[in-house]
>>> print(open('structure.cif').read())   # mmCIF, C-alpha atoms
data_structure
#
loop_
_atom_site.label_atom_id
_atom_site.label_comp_id
_atom_site.auth_asym_id
_atom_site.auth_seq_id
_atom_site.Cartn_x
_atom_site.Cartn_y
_atom_site.Cartn_z
CA MET A 17 -89.74 -30.47 62.71
CA THR A 18 -91.75 -32.05 59.92
CA GLY A 19 -95.10 -33.70 60.56
CA ASN A 20 -93.73 -37.15 59.62
CA LEU A 21 -90.80 -36.82 62.02
CA LEU A 22 -93.12 -35.66 64.83
CA ARG A 23 -95.40 -38.63 64.28
CA ARG A 24 -92.44 -41.07 64.36
CA LEU A 25 -91.18 -39.51 67.60
CA LYS A 26 -94.62 -39.86 69.21
CA THR A 27 -94.74 -43.51 68.15
CA VAL A 28 -91.34 -44.22 69.69
CA LEU A 29 -92.29 -42.48 72.97
CA LEU A 30 -95.64 -44.26 73.13
CA GLY A 31 -93.97 -47.64 72.52
CA GLY A 32 -91.47 -46.94 75.27
CA ALA A 33 -94.25 -45.99 77.67
CA LEU A 34 -96.12 -49.18 76.89
CA ALA A 35 -92.98 -51.25 77.48
CA VAL A 36 -92.40 -49.54 80.81
CA GLY A 37 -96.04 -50.14 81.73
CA ALA A 38 -95.78 -53.83 80.82
CA THR A 39 -92.59 -54.16 82.88
CA ALA A 40 -94.27 -52.49 85.85
CA THR A 41 -97.26 -54.81 85.56
CA SER A 42 -94.95 -57.85 85.42
CA ALA A 43 -93.05 -56.60 88.46
CA GLN A 44 -96.29 -56.09 90.36
CA GLN A 45 -97.32 -59.65 89.59
CA GLN A 46 -94.01 -60.98 90.94
CA GLU A 47 -94.42 -58.99 94.15
CA GLU A 48 -97.35 -61.19 95.21
CA LEU A 49 -97.77 -64.94 95.58
CA ARG A 50 -101.47 -65.76 95.64
CA ILE A 51 -102.34 -68.93 97.54
CA GLY A 52 -105.91 -70.21 97.68
CA PHE A 53 -106.79 -72.08 100.84
CA LEU A 54 -109.79 -74.42 101.06
CA ALA A 55 -111.08 -75.37 104.51
CA PRO A 56 -114.49 -75.86 106.14
CA THR A 57 -115.04 -72.69 108.17
CA THR A 58 -118.75 -73.35 108.73
CA GLY A 59 -120.68 -76.55 109.44
CA ILE A 60 -119.80 -79.58 111.56
CA PHE A 61 -116.12 -79.47 110.59
CA ALA A 62 -115.66 -75.73 111.22
CA GLN A 63 -113.31 -76.19 114.18
CA ILE A 64 -111.09 -78.50 112.14
CA GLY A 65 -111.08 -75.88 109.41
CA LYS A 66 -109.95 -73.30 111.95
CA ASP A 67 -107.03 -75.53 112.95
CA MET A 68 -106.09 -75.84 109.28
CA VAL A 69 -106.13 -72.10 108.65
CA ASP A 70 -104.42 -71.29 111.96
CA GLY A 71 -101.53 -73.64 111.23
CA PHE A 72 -100.82 -72.09 107.84
CA GLN A 73 -101.34 -68.56 109.12
CA MET A 74 -99.00 -69.11 112.06
CA TYR A 75 -96.14 -69.92 109.70
CA LEU A 76 -96.99 -66.90 107.55
CA ASP A 77 -96.95 -64.68 110.62
CA GLU A 78 -93.57 -66.04 111.70
CA VAL A 79 -91.99 -65.07 108.37
CA LYS A 80 -93.99 -61.82 108.17
CA GLY A 81 -95.88 -63.01 105.10
CA ASP A 82 -92.71 -63.10 102.97
CA PHE A 83 -91.68 -66.18 100.98
CA GLY A 84 -88.19 -65.58 99.63
CA GLY A 85 -88.81 -61.92 98.85
CA VAL A 86 -92.39 -62.17 97.62
CA LYS A 87 -95.41 -61.16 99.68
CA VAL A 88 -97.99 -63.89 100.19
CA ARG A 89 -101.69 -63.21 99.82
CA LEU A 90 -103.67 -66.04 101.42
CA ILE A 91 -107.24 -66.27 100.14
CA VAL A 92 -109.38 -68.54 102.34
CA GLU A 93 -112.58 -70.09 100.98
CA ASP A 94 -115.14 -72.07 102.98
CA GLU A 95 -115.57 -75.52 101.40
CA GLN A 96 -118.01 -76.58 104.18
CA GLY A 97 -116.73 -80.17 104.22
CA LYS A 98 -118.65 -80.74 100.95
CA PRO A 99 -116.86 -81.87 97.77
CA ASP A 100 -119.23 -80.06 95.39
CA THR A 101 -118.85 -76.80 97.33
CA ALA A 102 -115.06 -77.21 97.26
CA VAL A 103 -115.13 -77.49 93.46
CA THR A 104 -117.19 -74.30 93.15
CA LYS A 105 -114.83 -72.43 95.46
CA VAL A 106 -111.65 -73.63 93.78
CA ARG A 107 -112.93 -72.50 90.39
CA LYS A 108 -113.45 -69.04 91.88
CA LEU A 109 -109.91 -69.07 93.28
CA ILE A 110 -108.39 -70.09 89.94
CA LEU A 111 -110.48 -68.08 87.50
CA GLN A 112 -111.26 -64.96 89.50
CA ASP A 113 -108.44 -64.64 92.03
CA LYS A 114 -105.79 -66.03 89.65
CA VAL A 115 -104.07 -68.01 92.41
CA HIS A 116 -100.68 -69.56 91.72
CA MET A 117 -101.70 -72.63 93.73
CA PHE A 118 -104.37 -73.91 96.06
CA VAL A 119 -103.93 -75.76 99.34
CA GLY A 120 -106.19 -77.80 101.62
CA GLY A 121 -109.50 -79.55 101.27
CA LEU A 122 -110.48 -81.62 104.32
CA LEU A 123 -112.19 -84.89 103.43
CA ALA A 124 -110.70 -87.62 101.26
CA SER A 125 -113.74 -87.31 99.02
CA THR A 126 -113.02 -83.58 98.68
CA GLY A 127 -109.46 -84.34 97.59
CA TYR A 128 -110.78 -86.66 94.89
CA ALA A 129 -113.13 -83.88 93.71
CA LEU A 130 -110.49 -81.13 93.69
CA ALA A 131 -107.71 -83.01 91.89
CA PRO A 132 -109.30 -82.86 88.38
CA GLU A 133 -109.66 -79.08 88.76
CA SER A 134 -105.91 -78.86 89.25
CA THR A 135 -105.34 -80.74 86.01
CA SER A 136 -107.90 -78.96 83.84
CA ASN A 137 -106.71 -75.52 84.97
CA LYS A 138 -102.98 -76.37 85.13
CA THR A 139 -102.82 -75.10 88.71
CA VAL A 140 -100.72 -76.54 91.54
CA TYR A 141 -102.68 -78.40 94.21
CA VAL A 142 -100.76 -78.84 97.48
CA VAL A 143 -102.68 -81.52 99.35
CA SER A 144 -102.15 -80.58 102.99
CA VAL A 145 -104.89 -82.68 104.62
CA ALA A 146 -107.13 -84.66 102.24
CA ALA A 147 -105.63 -88.13 102.60
CA ALA A 148 -107.29 -89.90 99.65
CA ASP A 149 -104.96 -92.81 98.85
CA ASP A 150 -105.26 -92.94 95.09
CA LEU A 151 -104.36 -89.29 94.50
CA THR A 152 -100.72 -90.35 94.86
CA GLN A 153 -101.15 -93.96 93.80
CA ARG A 154 -103.13 -95.35 90.87
CA ASP A 155 -104.63 -91.99 89.82
CA LEU A 156 -101.37 -90.02 89.95
CA PRO A 157 -100.74 -89.85 86.17
CA LYS A 158 -104.00 -87.91 85.81
CA TYR A 159 -102.80 -85.18 88.19
CA PRO A 160 -99.44 -83.73 87.08
CA TYR A 161 -99.85 -80.55 89.15
CA LEU A 162 -100.74 -82.29 92.42
CA ILE A 163 -98.31 -82.95 95.28
CA ARG A 164 -99.01 -84.07 98.84
CA THR A 165 -97.37 -82.68 101.98
CA SER A 166 -99.39 -84.70 104.51
CA TRP A 167 -100.21 -88.43 104.27
CA THR A 168 -102.38 -91.05 102.67
CA SER A 169 -105.27 -92.46 104.68
CA SER A 170 -103.76 -95.93 104.92
CA GLN A 171 -100.11 -94.87 105.41
CA PRO A 172 -100.00 -94.87 109.26
CA HIS A 173 -102.32 -97.84 109.49
CA HIS A 174 -100.22 -100.40 107.63
CA PRO A 175 -97.56 -100.48 110.38
CA PHE A 176 -100.26 -100.05 113.03
CA GLY A 177 -101.93 -103.28 111.88
CA GLN A 178 -98.61 -105.04 112.30
CA TRP A 179 -98.13 -103.45 115.73
CA ALA A 180 -101.57 -104.69 116.84
CA CYS A 181 -100.68 -108.21 115.74
CA GLU A 182 -97.42 -108.04 117.68
CA GLN A 183 -99.38 -107.15 120.85
CA GLY A 184 -101.04 -110.55 120.65
CA TYR A 185 -104.46 -109.50 119.33
CA LYS A 186 -105.95 -112.26 117.18
CA LYS A 187 -109.46 -111.05 116.37
CA ILE A 188 -110.50 -107.41 115.94
CA VAL A 189 -113.81 -105.70 115.09
CA ALA A 190 -113.47 -102.61 112.88
CA ILE A 191 -115.99 -99.77 113.06
CA GLY A 192 -115.42 -96.78 110.78
CA ALA A 193 -117.10 -93.78 109.21
CA ASP A 194 -118.89 -94.81 106.02
CA TYR A 195 -116.97 -92.87 103.34
CA ALA A 196 -113.71 -92.99 101.39
CA PHE A 197 -111.39 -92.04 104.26
CA GLY A 198 -112.98 -94.62 106.55
CA TYR A 199 -112.60 -97.36 103.96
CA GLU A 200 -108.95 -96.52 103.33
CA VAL A 201 -108.00 -96.32 107.02
CA VAL A 202 -109.76 -99.57 107.90
CA GLY A 203 -108.38 -101.18 104.74
CA GLY A 204 -104.81 -100.23 105.60
CA PHE A 205 -105.15 -101.51 109.15
CA GLN A 206 -106.80 -104.75 107.98
CA ARG A 207 -104.08 -105.40 105.41
CA GLY A 208 -101.32 -104.87 107.97
CA PHE A 209 -103.07 -106.88 110.68
CA GLU A 210 -104.02 -109.83 108.52
CA ALA A 211 -100.60 -109.95 106.80
CA CYS A 212 -99.09 -111.03 110.11
CA GLY A 213 -101.80 -113.51 111.06
CA GLY A 214 -104.59 -111.46 112.64
CA GLN A 215 -108.26 -111.57 111.66
CA ILE A 216 -110.79 -108.78 111.14
CA VAL A 217 -113.96 -110.56 112.20
CA GLN A 218 -116.50 -107.76 111.64
CA LYS A 219 -116.83 -104.41 109.84
CA ILE A 220 -119.41 -101.83 110.93
CA TRP A 221 -120.02 -98.65 108.92
CA PRO A 222 -121.92 -95.83 110.71
CA PRO A 223 -122.69 -92.89 108.40
CA LEU A 224 -120.39 -89.86 108.39
CA GLY A 225 -121.64 -87.46 111.07
CA THR A 226 -123.30 -90.12 113.24
CA LYS A 227 -124.05 -88.87 116.78
CA ASP A 228 -125.85 -91.87 118.25
CA PHE A 229 -123.92 -95.14 118.16
CA GLY A 230 -126.63 -96.97 120.10
CA PRO A 231 -127.65 -99.09 117.10
CA TYR A 232 -124.06 -100.17 116.39
CA ILE A 233 -122.30 -100.83 119.70
CA PRO A 234 -124.51 -103.79 120.77
CA THR A 235 -123.70 -105.58 117.51
CA ILE A 236 -119.93 -105.73 118.22
CA LYS A 237 -118.92 -109.39 118.34
CA ALA A 238 -118.28 -110.62 121.88
CA ASP A 239 -115.37 -112.91 120.94
CA ALA A 240 -113.19 -110.09 119.54
CA ASP A 241 -109.93 -109.31 121.36
CA ALA A 242 -110.08 -105.59 120.59
CA ILE A 243 -111.96 -102.85 118.73
CA PHE A 244 -110.49 -100.68 115.97
CA SER A 245 -112.39 -97.45 115.30
CA LEU A 246 -112.05 -94.70 112.73
CA MET A 247 -113.94 -91.56 113.63
CA VAL A 248 -113.71 -87.99 112.35
CA GLY A 249 -114.93 -84.63 113.67
CA PRO A 250 -117.64 -84.83 116.37
CA MET A 251 -117.94 -88.60 115.84
CA ALA A 252 -114.54 -89.03 117.49
CA LEU A 253 -115.84 -87.45 120.69
CA GLN A 254 -119.13 -89.35 120.88
CA PHE A 255 -118.05 -92.89 120.03
CA PRO A 256 -115.65 -93.61 122.94
CA LYS A 257 -118.03 -91.99 125.44
CA GLN A 258 -120.91 -94.16 124.32
CA LEU A 259 -118.69 -97.23 124.08
CA ALA A 260 -117.55 -96.76 127.70
CA ALA A 261 -121.12 -96.09 128.85
CA ALA A 262 -122.14 -99.40 127.30
CA GLY A 263 -119.67 -101.18 129.59
CA ASN A 264 -116.98 -102.05 127.03
CA LYS A 265 -113.93 -103.76 128.56
CA LYS A 266 -112.08 -104.58 125.33
CA PRO A 267 -108.89 -102.69 124.36
CA VAL A 268 -109.66 -99.87 121.92
CA LEU A 269 -107.42 -98.92 119.01
CA GLY A 270 -108.17 -96.07 116.66
CA GLY A 271 -107.31 -94.51 113.34
CA GLY A 272 -105.20 -91.37 113.50
CA THR A 273 -108.11 -88.90 113.59
CA SER A 274 -109.95 -90.79 116.34
CA TYR A 275 -107.71 -89.28 119.04
CA ASP A 276 -106.03 -86.34 117.33
CA GLU A 277 -105.50 -83.21 119.43
CA PHE A 278 -108.40 -81.56 117.67
CA VAL A 279 -110.73 -83.67 119.82
CA LEU A 280 -108.51 -85.00 122.63
CA PRO A 281 -108.89 -82.01 125.03
CA ALA A 282 -112.67 -82.51 125.01
CA MET A 283 -112.41 -86.21 125.88
CA GLY A 284 -112.54 -87.72 129.34
CA ASP A 285 -110.79 -90.50 131.21
CA GLU A 286 -112.70 -93.07 129.14
CA VAL A 287 -110.00 -92.78 126.44
CA ILE A 288 -106.97 -93.30 128.70
CA GLY A 289 -104.99 -96.23 127.31
CA HIS A 290 -106.46 -96.03 123.80
CA VAL A 291 -103.82 -96.33 121.08
CA SER A 292 -103.63 -94.79 117.59
CA PRO A 293 -101.03 -94.00 114.89
CA LEU A 294 -100.23 -90.80 113.02
CA GLN A 295 -97.30 -88.90 111.54
CA TYR A 296 -97.67 -86.23 114.25
CA SER A 297 -98.35 -86.05 117.98
CA ALA A 298 -98.42 -82.86 120.02
CA ALA A 299 -96.67 -84.92 122.72
CA LEU A 300 -93.68 -85.58 120.47
CA ASP A 301 -90.85 -84.92 122.90
CA THR A 302 -88.43 -82.91 120.76
CA PRO A 303 -87.21 -79.33 121.24
CA LYS A 304 -88.70 -78.28 117.90
CA ASN A 305 -92.15 -79.65 118.74
CA ALA A 306 -92.08 -78.33 122.31
CA ALA A 307 -91.42 -74.82 120.97
CA PHE A 308 -94.18 -75.24 118.37
CA VAL A 309 -96.76 -76.44 120.92
CA LYS A 310 -95.99 -73.58 123.30
CA ALA A 311 -96.09 -70.94 120.55
CA TYR A 312 -99.30 -72.30 119.03
CA ARG A 313 -100.99 -72.59 122.41
CA THR A 314 -99.99 -69.04 123.32
CA LYS A 315 -101.31 -67.71 120.00
CA TYR A 316 -104.53 -69.71 119.68
CA GLY A 317 -105.32 -70.96 123.20
CA LYS A 318 -105.18 -74.68 122.39
CA VAL A 319 -102.78 -77.51 121.68
CA PRO A 320 -102.04 -77.90 117.95
CA SER A 321 -103.70 -80.77 116.15
CA TYR A 322 -102.40 -82.72 113.19
CA TYR A 323 -104.48 -80.35 111.03
CA SER A 324 -102.49 -77.43 112.47
CA GLU A 325 -99.08 -79.03 112.06
CA SER A 326 -99.80 -80.34 108.57
CA ASN A 327 -100.66 -76.90 107.25
CA TYR A 328 -97.82 -75.20 109.13
CA THR A 329 -95.43 -77.68 107.50
CA SER A 330 -97.08 -77.20 104.10
CA ALA A 331 -96.42 -73.46 104.36
CA GLN A 332 -92.81 -74.22 105.33
CA MET A 333 -92.32 -76.43 102.28
CA ILE A 334 -93.85 -73.90 99.89
CA HIS A 335 -91.57 -71.27 101.41
CA GLU A 336 -88.50 -73.44 100.79
CA VAL A 337 -89.30 -73.65 97.07
CA MET A 338 -89.96 -69.92 96.80
CA LYS A 339 -86.67 -69.13 98.58
CA ALA A 340 -84.81 -71.27 96.07
CA ASN A 341 -86.41 -69.18 93.30
CA LYS A 342 -85.74 -65.84 95.06
CA GLY A 343 -89.45 -65.18 95.42
CA LYS A 344 -90.41 -65.79 91.79
CA PHE A 345 -93.03 -68.44 91.11
CA PRO A 346 -91.26 -70.83 88.70
CA GLY A 347 -94.41 -72.10 86.98
CA PRO A 348 -96.57 -75.08 87.97
CA GLU A 349 -94.42 -77.86 86.48
CA ALA A 350 -91.16 -76.56 87.95
CA PHE A 351 -92.80 -75.81 91.31
CA VAL A 352 -94.07 -79.38 91.68
CA LYS A 353 -90.70 -80.80 90.59
CA GLN A 354 -88.79 -78.67 93.10
CA LEU A 355 -91.19 -79.38 95.96
CA ASN A 356 -90.89 -83.08 95.15
CA ALA A 357 -87.10 -82.86 95.60
CA LEU A 358 -87.19 -81.27 99.08
CA LYS A 359 -85.76 -82.87 102.20
CA VAL A 360 -87.13 -80.97 105.18
CA ASP A 361 -86.68 -81.12 108.93
CA THR A 362 -90.23 -80.39 110.08
CA ILE A 363 -92.13 -80.23 113.36
CA ARG A 364 -93.22 -83.86 112.84
CA GLY A 365 -89.70 -85.01 111.99
CA PRO A 366 -87.71 -85.57 108.77
CA VAL A 367 -89.79 -85.55 105.58
CA VAL A 368 -88.87 -86.41 102.01
CA ILE A 369 -91.30 -86.93 99.15
CA ASP A 370 -91.35 -90.12 97.11
CA GLU A 371 -91.46 -90.54 93.34
CA MET A 372 -95.27 -90.62 93.54
CA ARG A 373 -95.36 -87.23 95.30
CA ASN A 374 -96.30 -88.41 98.79
CA PRO A 375 -94.27 -87.90 101.99
CA VAL A 376 -92.00 -90.53 103.47
CA GLN A 377 -91.96 -89.87 107.21
CA ASN A 378 -92.02 -91.23 110.73
CA ILE A 379 -95.20 -92.90 111.93
CA TYR A 380 -95.78 -92.66 115.67
CA ILE A 381 -97.79 -95.18 117.68
CA LYS A 382 -99.43 -93.09 120.42
CA LYS A 383 -101.09 -94.01 123.69
CA VAL A 384 -103.49 -91.64 125.44
CA GLU A 385 -102.12 -90.79 128.88
CA LYS A 386 -103.00 -88.20 131.49
CA LYS A 387 -99.91 -86.29 132.58
CA LYS A 388 -98.03 -83.01 132.58
CA MET A 389 -95.95 -81.96 129.58
CA PHE A 390 -93.83 -79.04 128.39
CA GLY A 391 -93.99 -77.26 131.74
CA TYR A 392 -97.78 -76.92 131.87
CA GLU A 393 -98.99 -77.16 135.45
CA LYS A 394 -101.99 -79.46 135.27
CA ASP A 395 -102.49 -83.04 134.18
CA GLU A 396 -103.95 -83.25 130.68
CA LEU A 397 -104.59 -85.92 128.06
CA TRP A 398 -101.63 -86.34 125.70
CA ASN A 399 -100.87 -88.76 122.86
CA THR A 400 -97.64 -90.20 124.28
CA VAL A 401 -95.40 -91.74 121.62
CA ILE A 402 -94.71 -95.37 122.54
CA LYS A 403 -93.13 -96.55 119.28
CA THR A 404 -91.71 -94.90 116.17
CA TYR A 405 -91.64 -96.48 112.71
CA PRO A 406 -89.09 -94.40 110.77
CA ASN A 407 -89.23 -93.51 107.08
CA VAL A 408 -92.61 -95.06 106.31
CA ASN A 409 -93.81 -94.63 102.72
CA GLN A 410 -97.39 -94.89 101.52
CA PHE A 411 -97.07 -98.63 100.84
CA GLY A 412 -95.74 -99.43 104.30
CA GLN A 413 -94.36 -102.94 104.63
CA PHE A 414 -95.73 -103.96 101.23
CA LYS A 415 -94.03 -103.94 97.84
CA LYS A 416 -95.08 -101.02 95.66
CA ASP A 417 -95.81 -102.97 92.46
CA GLU A 418 -97.80 -105.65 94.26
CA PHE A 419 -99.71 -103.00 96.21
CA LEU A 420 -100.66 -101.02 93.10
CA ALA A 421 -101.86 -104.18 91.38
CA THR A 422 -104.66 -104.50 93.96
CA PRO A 423 -107.76 -102.25 94.10
CA VAL A 424 -107.94 -99.07 96.15
CA TYR A 425 -109.39 -99.78 99.59
CA ASP A 426 -113.18 -99.46 99.64
CA ARG A 427 -116.17 -100.70 101.59
CA ASN A 428 -115.63 -104.27 100.41
CA TYR A 429 -111.86 -104.41 99.83
CA PRO A 430 -110.01 -106.05 101.44
CA PRO A 431 -112.83 -108.56 101.74
CA CYS A 432 -113.85 -109.53 105.24
CA LYS A 433 -112.84 -113.19 104.93
CA HIS A 434 -113.27 -113.89 108.66
CA CYS A 435 -116.58 -112.10 109.22
#
>>> encode(input="structure.cif", output="structure tokens")
Amino acid sequence: MTGNLLRRLKTVLLGGALAVGATATSAQQQEELRIGFLAPTTGIFAQIGKDMVDGFQMYLDEVKGDFGGVKVRLIVEDEQGKPDTAVTKVRKLILQDKVHMFVGGLLASTGYALAPESTSNKTVYVVSVAAADDLTQRDLPKYPYLIRTSWTSSQPHHPFGQWACEQGYKKIVAIGADYAFGYEVVGGFQRGFEACGGQIVQKIWPPLGTKDFGPYIPTIKADADAIFSLMVGPMALQFPKQLAAAGNKKPVLGGGTSYDEFVLPAMGDEVIGHVSPLQYSAALDTPKNAAFVKAYRTKYGKVPSYYSESNYTSAQMIHEVMKANKGKFPGPEAFVKQLNALKVDTIRGPVVIDEMRNPVQNIYIKKVEKKKMFGYEKDELWNTVIKTYPNVNQFGQFKKDEFLATPVYDRNYPPCKHC
């Protein structure tokens, strides 16, 4: 064999080995779907963060970590309930861990901070909790890789404002946490309530994380028919206790997170009769939800909250897309398009996603009652569903074009014309 022939043979063999190596590397990459998960696992929102992670992990465990033939690697990062920390952590997930997508983020303000990272890094952002309205409204064109599986802050509160009006309430005082989510929840309720003739006669904004409501409760106007509150985290536990201790006799309504099952088991009889809306209630009396509540409670020792269900359902929806692609990640654009086209029967009920990448779903009006449910032996506080608004989109009873022509809800919009 001549030297030239030997060299050519070595070149061919080496090229073949490199091709085989490249194929093996590609196959290895397809064997794993890397999902970054952002939740506060330390700080004042740590228990909410645990509910978020537990919900997603429960679904993963049920399918043995396999999404359509690909193994899922869930990488959890502690965003501490701080938008700037969330941005630092998501950059690590994208640049170092090479995730195919990231999920989560708790606060509305965190969602607003994370969305630009999705765009600049061309990485899918599945918004499983952060309810910031404008992510799927006026700002949507800026975020082509973002899709929501949960809700917008104002979505449940548009029909709830109408419901409150139909109960005969004429004048309501609103008191809400002083940040984006609070503004959007109160704004949605105010718009719905005032559209059918009611009046918001006062707005009170305690800072996020407030523990002592002593300076605020005495200022509530005496001529109001009812109080609407929006509290999150530990605030939700403290406000109704202090309100009852102050001798309040007015009916109390709340935003969805004010009485969610994250905080409800720690509340007392002072919240019996309080009413709130949300797209999920652990007391939803369906076979699918009963099985979910029992399984979750057995696994984690508590009733699932909306944070649990939302992330469980998000995992389910991601799984559906991966099954359709036989376990191969189709790329960020195709993934978002396919997730957007899903129609899913979830724990919370039927869910489709609108053309602005936000769920259309049932909204449940829930009343806190003390009773037995699902075969459990003792009386407990449950969010009993008293009315269902089916197929509610993020604009509620309002026309999309007219809605988008107005500003995003903030501290001063809608204006408090009757204050």
>>> residues_around(input="structure.cif", residues="region 79-94 of chain A", least_positions_apart="5", cutoff="6 Å", atoms="all atoms listed in the file", output="ChimeraX atom specification")
/A:47-57,335,338-339,342-343
>>> write_last_selection(input="structure.cif", atoms="C-alpha atoms", output="PDB file, in the frame of the given file")
ATOM      1  CA  GLU A  47     -94.420 -58.990  94.150  1.00  0.00           C
ATOM      2  CA  GLU A  48     -97.350 -61.190  95.210  1.00  0.00           C
ATOM      3  CA  LEU A  49     -97.770 -64.940  95.580  1.00  0.00           C
ATOM      4  CA  ARG A  50    -101.470 -65.760  95.640  1.00  0.00           C
ATOM      5  CA  ILE A  51    -102.340 -68.930  97.540  1.00  0.00           C
ATOM      6  CA  GLY A  52    -105.910 -70.210  97.680  1.00  0.00           C
ATOM      7  CA  PHE A  53    -106.790 -72.080 100.840  1.00  0.00           C
ATOM      8  CA  LEU A  54    -109.790 -74.420 101.060  1.00  0.00           C
ATOM      9  CA  ALA A  55    -111.080 -75.370 104.510  1.00  0.00           C
ATOM     10  CA  PRO A  56    -114.490 -75.860 106.140  1.00  0.00           C
ATOM     11  CA  THR A  57    -115.040 -72.690 108.170  1.00  0.00           C
ATOM     12  CA  HIS A 335     -91.570 -71.270 101.410  1.00  0.00           C
ATOM     13  CA  MET A 338     -89.960 -69.920  96.800  1.00  0.00           C
ATOM     14  CA  LYS A 339     -86.670 -69.130  98.580  1.00  0.00           C
ATOM     15  CA  LYS A 342     -85.740 -65.840  95.060  1.00  0.00           C
ATOM     16  CA  GLY A 343     -89.450 -65.180  95.420  1.00  0.00           C
TER      17      GLY A 343
END
>>> closest_residue(input="structure.cif", among="A:Asp150, A:Asp276, A:Glu210, A:Asp194", to="His174 (chain A)", atoms="all atoms listed in the file")
A:Glu210
>>> residues_around(input="structure.cif", residues="region 71-74 of chain A", least_positions_apart="2", cutoff="7 Å", atoms="only C-alpha atoms", output="ChimeraX atom specification")
/A:67-69,76-78,324-325,327-328,331
>>> closest_residue(input="structure.cif", among="A:Ser321, A:Ser292, A:Thr139, A:Gln178", to="Ala350 (chain A)", atoms="only C-alpha atoms")
A:Thr139
>>> closest_residue(input="structure.cif", among="A:Lys237, A:Arg164, A:Lys382, A:His290", to="Ala260 (chain A)", atoms="all atoms listed in the file")
A:His290
>>> residues_around(input="structure.cif", residues="Arg107 (chain A)", least_positions_apart="2", cutoff="12 Å", atoms="all atoms listed in the file", output="list in words")
Gly52, Leu54, Glu93, Glu95, Asp100, Thr101, Ala102, Val103, Thr104, Lys105, Leu109, Ile110, Leu111, Gln112, Asp113, Lys114, Val115, Met117, Phe118, Ala129, Leu130, Ala131, Pro132, Glu133, Ser134, Ser136, Asn137, Lys138 and Thr139 of chain A
>>> residues_around(input="structure.cif", residues="Glu396 (chain A)", least_positions_apart="6", cutoff="9 Å", atoms="only C-alpha atoms", output="PDB file with C-alpha atoms, keeping the file's coordinate frame")
ATOM      1  CA  PRO A 281    -108.890 -82.010 125.030  1.00  0.00           C
ATOM      2  CA  GLU A 385    -102.120 -90.790 128.880  1.00  0.00           C
ATOM      3  CA  LYS A 386    -103.000 -88.200 131.490  1.00  0.00           C
ATOM      4  CA  LYS A 387     -99.910 -86.290 132.580  1.00  0.00           C
ATOM      5  CA  LYS A 388     -98.030 -83.010 132.580  1.00  0.00           C
ATOM      6  CA  MET A 389     -95.950 -81.960 129.580  1.00  0.00           C
TER       7      MET A 389
END
>>> resolve_selection(input="structure.cif", expression="the PyMOL selection byres ((chain A and resi 61) around 12)", output="PyMOL selection string")
chain A and resi 55-60+62-68+94-98+121-123+224-225+248-252+278-279+323
>>> write_last_selection(input="structure.cif", atoms="C-alpha atoms", output="PDB file, keeping the file's coordinate frame")
ATOM      1  CA  ALA A  55    -111.080 -75.370 104.510  1.00  0.00           C
ATOM      2  CA  PRO A  56    -114.490 -75.860 106.140  1.00  0.00           C
ATOM      3  CA  THR A  57    -115.040 -72.690 108.170  1.00  0.00           C
ATOM      4  CA  THR A  58    -118.750 -73.350 108.730  1.00  0.00           C
ATOM      5  CA  GLY A  59    -120.680 -76.550 109.440  1.00  0.00           C
ATOM      6  CA  ILE A  60    -119.800 -79.580 111.560  1.00  0.00           C
ATOM      7  CA  ALA A  62    -115.660 -75.730 111.220  1.00  0.00           C
ATOM      8  CA  GLN A  63    -113.310 -76.190 114.180  1.00  0.00           C
ATOM      9  CA  ILE A  64    -111.090 -78.500 112.140  1.00  0.00           C
ATOM     10  CA  GLY A  65    -111.080 -75.880 109.410  1.00  0.00           C
ATOM     11  CA  LYS A  66    -109.950 -73.300 111.950  1.00  0.00           C
ATOM     12  CA  ASP A  67    -107.030 -75.530 112.950  1.00  0.00           C
ATOM     13  CA  MET A  68    -106.090 -75.840 109.280  1.00  0.00           C
ATOM     14  CA  ASP A  94    -115.140 -72.070 102.980  1.00  0.00           C
ATOM     15  CA  GLU A  95    -115.570 -75.520 101.400  1.00  0.00           C
ATOM     16  CA  GLN A  96    -118.010 -76.580 104.180  1.00  0.00           C
ATOM     17  CA  GLY A  97    -116.730 -80.170 104.220  1.00  0.00           C
ATOM     18  CA  LYS A  98    -118.650 -80.740 100.950  1.00  0.00           C
ATOM     19  CA  GLY A 121    -109.500 -79.550 101.270  1.00  0.00           C
ATOM     20  CA  LEU A 122    -110.480 -81.620 104.320  1.00  0.00           C
ATOM     21  CA  LEU A 123    -112.190 -84.890 103.430  1.00  0.00           C
ATOM     22  CA  LEU A 224    -120.390 -89.860 108.390  1.00  0.00           C
ATOM     23  CA  GLY A 225    -121.640 -87.460 111.070  1.00  0.00           C
ATOM     24  CA  VAL A 248    -113.710 -87.990 112.350  1.00  0.00           C
ATOM     25  CA  GLY A 249    -114.930 -84.630 113.670  1.00  0.00           C
ATOM     26  CA  PRO A 250    -117.640 -84.830 116.370  1.00  0.00           C
ATOM     27  CA  MET A 251    -117.940 -88.600 115.840  1.00  0.00           C
ATOM     28  CA  ALA A 252    -114.540 -89.030 117.490  1.00  0.00           C
ATOM     29  CA  PHE A 278    -108.400 -81.560 117.670  1.00  0.00           C
ATOM     30  CA  VAL A 279    -110.730 -83.670 119.820  1.00  0.00           C
ATOM     31  CA  TYR A 323    -104.480 -80.350 111.030  1.00  0.00           C
TER      32      TYR A 323
END
>>> atom_distance(input="structure.cif", atom1="CA of Pro348 (chain A)", atom2="CA of Pro375 (chain A)")
19.1 Å
>>> closest_residue(input="structure.cif", among="A:Cys212, A:Lys108, A:Leu300, A:Ser330", to="Ser144 (chain A)", atoms="only C-alpha atoms")
A:Ser330
